[in-house]
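Take a look at the structure below.
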Amino acid sequence: MAGTAVRRRLTWQVARVSAVTAETASVRTLTLEVPDWPGHRAGQHLDIRLTGEDGYVAERSYSIASAPGEPVAITVERLDDGEVSPYLTGELRAGDELELRGPVGGYFVWEPGDGGPLLLLAGGSGIVPLRSVLRHRGRTGSTVPVRLVYSSRTLAEVIYRAELDRPASGVEVIYTLTRSQPPGWSGYARRADAALLAEVAWPAAAMPLAYVCGPTSFVEVVSQALVQSGYPPERVKTERFGATGGT
Amino acid sequence: MSPVSRGFHRRRQEPAENAGRVPPGQYVTKDFPVLSAGPTPHAALDRWTLSVGRLGRQKTWSWAEFRALPTQDVTVDIHCVTKWSKLDTAWQGVSVDTLLEAAGHDGPFALAHCDGGYTTNVPVADLTGGQAWVAYGYDGQPLAAEHGGPARLLVPHLYFWKSAKWVRSLELRDTNDPGFWENYGYHLYGDPWREQRYAGD
Amino acid sequence: MEAVDGNAIGGLLWEVFGTEMTDAASVCGSCGAARLVAELAVYRPALGTVVRCRSCDSVLMVFVTIHDRTCVDLLGLAALG
């Protein structure tokens, strides 16, 4: 399907929440039943629209957490000063309706045919679309080697921890915990920088494909470091969330 | 017709004690949101200038000259068209009256030009009589770059998009030509008390 | 405020252009830089959406939606699509 331009309308439709799953204390995955879902690609996102009783409308975008072929799911981090995320993570329950449109995205996507080796770099909730990539790789039987570098404030805030601690064959997961580390932690304990990447990234000579997702500052530092280490810019795909990742 | 999202409501309701000070449709925030149409410029003070007047005969001040002008401490409420209001904000700045006295009252309208290319239009009558400043200090500190430093226009009686960040000149002219946001449909004048958010309001 | 990138406005662009646009090519009208739309710098100050060239910061596109009507300004682009 890669390279096929599928013309479709992007229209709002009503979906039903089928499950709300706690990933961490402040993060929830919403599994959705979407009646007219056309299928999606790993790395895409969808837009949510909420309407209050008084007609107030709020829209946000969320990366799709599930692989193509799995039920549509999004993962939302609750931001305390947010307007939408506290609603999605705290109020919404199974059986509720949600207006959405999607999938959206033709650039920050991966298919097995795109090859690798893959370098996936996640800052905080930037892990969400990369998890879709990992699950898609697993479901399609791709053997492309993967290194995932996941920057999180603490281990408790790592999303999908159980899954990532048991990576599929050919997938290596490297955490860096930037705010605090558990006793005995021997892994990285700082924000991703050029020196850290020099130790864990595929060498440029391997012709890797990199996907960087997270807050803008994370994406800027990491993508610049990769390009300076020899990755061609067109082999470093980036998706920047706002500083607050969308509230 | 969009379905109502059960249990969803807008962020804040207005407590009664602020009622008289908050224009219609606004909510009070303790934050100071940063909204920008582009990257934060970082002007070198030794190259910064402020110009006021009609093109071709503007009065220009260097940073040192600007900071030598008489200044005022003012505490005002500010109202953003995106619905947040912030009460009792404390600024230090030079009154636009002072600038116009030196430059000459040379036209009925002003177009503010800013580092980064932003513009906004304000009638001169709304910049005089103690209604506007070029502010270089906020809350007793030098104005942070993300909030418009080294200096921004401050016109608190109009929606805050008129208080142009990173201001470098007030160009006086005969016509009230629209600035950046006004060009795309925001109100030419922008009075929060008459809720003049968009053209035609 | 920090910029995001063209990925964040995929839905808006689809609404305006009728198709997926994040992987469309763009050329800056000021400096000629060529980038995919997903790689452009996007500022969303709530009054509107301003898309800028990552090389020279020039404004490429502006989208302002008022009362369900969207104003689209593409004058900063030399080419799109």
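Each chain in the structure tokens gets a letter, A, B and so on, in the order shown; residues start at 1 in every chain, and ligands are counted from 1 in the order they appear.
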
request  = Pick out each residue of chain C that DSSP on the backbone tags as strand (DSSP E); I need them as a PyMOL selection string.
outcome  = chain C and resi 4-5+25-28+34-36+41-43+49-52+59-66+69-73+77-80

- request: Pull out every residue of chain C that has at least one atom within 6 Å of chain A, counting only C-alpha atoms, and report them as a list of chain:residue names.
  value: C:Val4, C:Asp5, C:Gly10, C:Thr22, C:Asp23

>> Taking only C-alpha atoms into account, find every residue of chain A that has an atom no more than 12 Å from chain B, and write it out as a count of residues only.
In response: 41

**OP:** Would you return as a ChimeraX atom specification the members of chain C that DSSP assigns to helix (DSSP H, G or I) on this structure's backbone?
**Re:** /C:6-17,37-39

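When only C-alpha atoms are used to compute distances to Glu20 of chain C, the closest of the residues C:Thr70, C:Gly81, C:Leu75, C:Val51 turns out to be C:Gly81.
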
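Comparing B:Leu153, B:Ala135, B:Cys80, B:Ala125 by their smallest distance to chain C, the closest is B:Cys80 (using only C-alpha atoms).
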
| said: Using only C-alpha atoms, I'd like every residue of chain C that has an atom within 12 Å of chain B; please write them out as a PyMOL selection string. | reply: chain C and resi 1-4+41-67+69-73

Can you list, as a ChimeraX atom specification, every protein, DNA or RNA residue that comes within 6 Å of segment 150-152 of chain B when you count only C-alpha atoms, leaving out same-chain residues fewer than 4 positions away?
/B:134-136,143,164-167

Selection above as a file: N, CA and C atoms, as a JSON list (two decimals), in the first residue's frame:
```json
[["chain", "number", "residue", "atom", "x", "y", "z"],
["B", 134, "VAL", "N", 5.41, 51.90, 26.23],
["B", 134, "VAL", "CA", 6.35, 50.90, 25.72],
["B", 134, "VAL", "C", 7.02, 50.35, 26.97],
["B", 135, "ALA", "N", 6.72, 49.10, 27.29],
["B", 135, "ALA", "CA", 7.09, 48.52, 28.58],
["B", 135, "ALA", "C", 8.35, 47.69, 28.45],
["B", 136, "TYR", "N", 9.28, 47.88, 29.38],
["B", 136, "TYR", "CA", 10.53, 47.11, 29.40],
["B", 136, "TYR", "C", 10.69, 46.27, 30.66],
["B", 143, "LEU", "N", 11.70, 42.71, 31.24],
["B", 143, "LEU", "CA", 10.71, 41.94, 30.53],
["B", 143, "LEU", "C", 11.36, 40.76, 29.81],
["B", 164, "ALA", "N", 1.76, 44.83, 21.22],
["B", 164, "ALA", "CA", 2.69, 44.10, 20.37],
["B", 164, "ALA", "C", 4.03, 43.84, 21.05],
["B", 165, "LYS", "N", 4.41, 42.56, 21.02],
["B", 165, "LYS", "CA", 5.71, 42.18, 21.59],
["B", 165, "LYS", "C", 6.84, 42.59, 20.67],
["B", 166, "TRP", "N", 7.99, 42.85, 21.22],
["B", 166, "TRP", "CA", 9.23, 43.11, 20.48],
["B", 166, "TRP", "C", 9.08, 44.34, 19.57],
["B", 167, "VAL", "N", 8.34, 45.35, 20.08],
["B", 167, "VAL", "CA", 8.06, 46.53, 19.27],
["B", 167, "VAL", "C", 9.34, 47.27, 18.94]]
```

Computed gap from atom CA of Val37 of chain C to atom CA of Val146 of chain A is 26.7 Å

Using only C-alpha atoms, the best pick from B:Thr49, B:Thr75, B:Thr60, B:Thr175 as closest to Val124 of chain B would be B:Thr175

**Message:** Residues within 6 Å of segment 132-138 of chain A, please, as a PyMOL selection string. Count only C-alpha atoms; anything in the same chain fewer than 3 positions from it doesn't count.
**Reply:** chain A and resi 42+65-67+129+141-142
